[in-house]
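Notes to accompany the following structure.
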Amino acid sequence: MTKHQQTVSAGSRIYYFDLREDSKGTEYITITEMNARNQKRSCIYIFPEDIDNFRQALEDAAANVSKR
């Protein structure tokens with residue numbers, strides 16, 4: 001069950017950030033990338049025990065991206 005969804009449009013790609021809940025009541029996050037050109041979809045799942053490490057890695061990577 002999806003409890004919350006946020007969409008980010010980026011050119012020909014759309015990213016969906018979903019907070020979901022499994023049948024046991026455990027929440028997890030899915031991040032889905034949809035490519036509008038070829039309709040390909042990629043998805044990753046982030047479980048509660050990994051959220052803090054994932055967030056830190058994303059922040060670290062974003063901080064090191066050179067903006068042009």
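Identifiers in the structure tokens: chain A, B, ... in order shown; residue index from 1 per chain; ligand index from 1 in order shown.
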
**Asked** Among region 13-65 of chain A, which ones does DSSP place in helix (DSSP H, G or I), written as a ChimeraX atom specification?
**Response** /A:48-63

Would you export the selected residues with C-alpha atoms as a PDB file, in the first residue's frame, please?
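Here's the written file selection21.pdb:
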```
ATOM      1  CA  PRO A  48      14.121   1.039   7.310  1.00  0.00           C
ATOM      2  CA  GLU A  49      17.452  -0.269   8.547  1.00  0.00           C
ATOM      3  CA  ASP A  50      19.201   1.222   5.493  1.00  0.00           C
ATOM      4  CA  ILE A  51      17.548   4.653   5.267  1.00  0.00           C
ATOM      5  CA  ASP A  52      20.115   6.613   7.296  1.00  0.00           C
ATOM      6  CA  ASN A  53      23.086   5.147   5.398  1.00  0.00           C
ATOM      7  CA  PHE A  54      21.337   5.693   2.051  1.00  0.00           C
ATOM      8  CA  ARG A  55      20.501   9.303   2.939  1.00  0.00           C
ATOM      9  CA  GLN A  56      24.079  10.026   3.995  1.00  0.00           C
ATOM     10  CA  ALA A  57      25.512   8.489   0.825  1.00  0.00           C
ATOM     11  CA  LEU A  58      23.092  10.488  -1.334  1.00  0.00           C
ATOM     12  CA  GLU A  59      23.921  13.726   0.480  1.00  0.00           C
ATOM     13  CA  ASP A  60      27.665  13.054   0.158  1.00  0.00           C
ATOM     14  CA  ALA A  61      27.359  12.301  -3.559  1.00  0.00           C
ATOM     15  CA  ALA A  62      25.157  15.369  -4.172  1.00  0.00           C
ATOM     16  CA  ALA A  63      27.609  17.606  -2.326  1.00  0.00           C
TER      17      ALA A  63
END
```

**Request:** Can you list, as a VMD selection string, all residues belonging to chain A that DSSP tags as strand (DSSP E or B)?
**Result:** chain A and resid 2 to 10 13 to 21 27 to 35 41 to 46

Take the residues that were just selected and, keeping N, CA, C and O atoms, output them as a compact mmCIF listing (two decimals), in the first residue's frame.
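For reference, again_8.txt as written:
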```txt
# COMPACT_ATOMS: atom_id res chain seq x y z
N THR A 2 0.59 2.19 -0.88
CA THR A 2 1.34 3.44 -0.93
C THR A 2 0.75 4.42 0.08
O THR A 2 -0.44 4.70 0.05
N LYS A 3 1.60 4.94 0.96
CA LYS A 3 1.16 5.87 1.99
C LYS A 3 1.47 7.32 1.61
O LYS A 3 0.84 8.24 2.12
N HIS A 4 2.46 7.51 0.76
CA HIS A 4 2.85 8.86 0.33
C HIS A 4 3.60 8.73 -0.98
O HIS A 4 4.36 7.79 -1.17
N GLN A 5 3.39 9.70 -1.88
CA GLN A 5 4.12 9.69 -3.14
C GLN A 5 4.53 11.11 -3.51
O GLN A 5 3.77 12.06 -3.31
N GLN A 6 5.75 11.22 -4.02
CA GLN A 6 6.24 12.50 -4.52
C GLN A 6 6.88 12.23 -5.88
O GLN A 6 7.57 11.22 -6.06
N THR A 7 6.64 13.13 -6.82
CA THR A 7 7.14 12.97 -8.18
C THR A 7 8.10 14.10 -8.51
O THR A 7 7.85 15.25 -8.18
N VAL A 8 9.20 13.73 -9.19
CA VAL A 8 10.19 14.72 -9.64
C VAL A 8 10.36 14.53 -11.14
O VAL A 8 10.75 13.44 -11.58
N SER A 9 10.08 15.57 -11.92
CA SER A 9 10.30 15.53 -13.36
C SER A 9 11.67 16.11 -13.66
O SER A 9 12.02 17.17 -13.14
N ALA A 10 12.42 15.41 -14.51
CA ALA A 10 13.76 15.86 -14.86
C ALA A 10 14.01 15.54 -16.34
O ALA A 10 14.48 14.45 -16.68
N ARG A 13 13.02 12.15 -17.96
CA ARG A 13 12.90 11.17 -16.88
C ARG A 13 11.94 11.68 -15.81
O ARG A 13 11.85 12.87 -15.55
N ILE A 14 11.26 10.73 -15.20
CA ILE A 14 10.39 11.04 -14.07
C ILE A 14 10.79 10.11 -12.93
O ILE A 14 10.99 8.91 -13.13
N TYR A 15 10.95 10.68 -11.75
CA TYR A 15 11.29 9.89 -10.56
C TYR A 15 10.10 9.89 -9.61
O TYR A 15 9.52 10.94 -9.34
N TYR A 16 9.74 8.71 -9.13
CA TYR A 16 8.67 8.56 -8.17
C TYR A 16 9.27 8.10 -6.85
O TYR A 16 9.99 7.10 -6.80
N PHE A 17 8.98 8.82 -5.79
CA PHE A 17 9.42 8.46 -4.45
C PHE A 17 8.18 8.03 -3.68
O PHE A 17 7.27 8.85 -3.46
N ASP A 18 8.11 6.78 -3.31
CA ASP A 18 6.93 6.24 -2.65
C ASP A 18 7.27 5.69 -1.27
O ASP A 18 8.24 4.95 -1.12
N LEU A 19 6.47 6.05 -0.31
CA LEU A 19 6.53 5.42 1.01
C LEU A 19 5.46 4.34 0.99
O LEU A 19 4.28 4.63 0.79
N ARG A 20 5.87 3.12 1.17
CA ARG A 20 4.96 1.98 1.10
C ARG A 20 4.96 1.21 2.41
O ARG A 20 5.83 1.39 3.25
N GLU A 21 4.00 0.32 2.51
CA GLU A 21 3.89 -0.53 3.70
C GLU A 21 3.60 -1.94 3.24
O GLU A 21 2.72 -2.17 2.40
N GLU A 27 7.21 -0.22 6.98
CA GLU A 27 7.33 0.80 5.94
C GLU A 27 8.67 0.68 5.23
O GLU A 27 9.67 0.30 5.83
N TYR A 28 8.67 1.02 3.95
CA TYR A 28 9.89 1.06 3.16
C TYR A 28 9.70 2.07 2.04
O TYR A 28 8.58 2.52 1.77
N ILE A 29 10.78 2.48 1.41
CA ILE A 29 10.73 3.47 0.34
C ILE A 29 11.10 2.80 -0.98
O ILE A 29 12.01 1.98 -1.04
N THR A 30 10.37 3.16 -2.02
CA THR A 30 10.77 2.77 -3.37
C THR A 30 11.07 4.05 -4.15
O THR A 30 10.39 5.06 -4.00
N ILE A 31 12.13 3.99 -4.95
CA ILE A 31 12.45 5.07 -5.87
C ILE A 31 12.41 4.46 -7.26
O ILE A 31 13.15 3.52 -7.55
N THR A 32 11.52 4.98 -8.10
CA THR A 32 11.34 4.46 -9.44
C THR A 32 11.71 5.53 -10.45
O THR A 32 11.26 6.67 -10.34
N GLU A 33 12.54 5.17 -11.41
CA GLU A 33 12.89 6.06 -12.51
C GLU A 33 12.18 5.57 -13.75
O GLU A 33 12.28 4.40 -14.12
N MET A 34 11.43 6.47 -14.41
CA MET A 34 10.75 6.14 -15.65
C MET A 34 11.34 7.01 -16.74
O MET A 34 11.39 8.23 -16.61
N ASN A 35 11.81 6.36 -17.80
CA ASN A 35 12.35 7.09 -18.94
C ASN A 35 11.22 7.25 -19.96
O ASN A 35 10.72 6.27 -20.50
N ARG A 41 11.74 1.30 -17.05
CA ARG A 41 11.56 1.63 -15.64
C ARG A 41 12.59 0.89 -14.81
O ARG A 41 12.85 -0.28 -15.01
N SER A 42 13.17 1.62 -13.85
CA SER A 42 14.11 1.03 -12.90
C SER A 42 13.62 1.37 -11.51
O SER A 42 13.10 2.46 -11.27
N CYS A 43 13.82 0.46 -10.58
CA CYS A 43 13.28 0.66 -9.24
C CYS A 43 14.27 0.14 -8.20
O CYS A 43 14.90 -0.89 -8.41
N ILE A 44 14.41 0.90 -7.10
CA ILE A 44 15.18 0.41 -5.97
C ILE A 44 14.30 0.47 -4.72
O ILE A 44 13.38 1.29 -4.63
N TYR A 45 14.59 -0.39 -3.78
CA TYR A 45 13.85 -0.47 -2.52
C TYR A 45 14.81 -0.15 -1.38
O TYR A 45 15.90 -0.68 -1.33
N ILE A 46 14.36 0.71 -0.49
CA ILE A 46 15.18 1.08 0.66
C ILE A 46 14.41 0.72 1.92
O ILE A 46 13.31 1.24 2.16
```
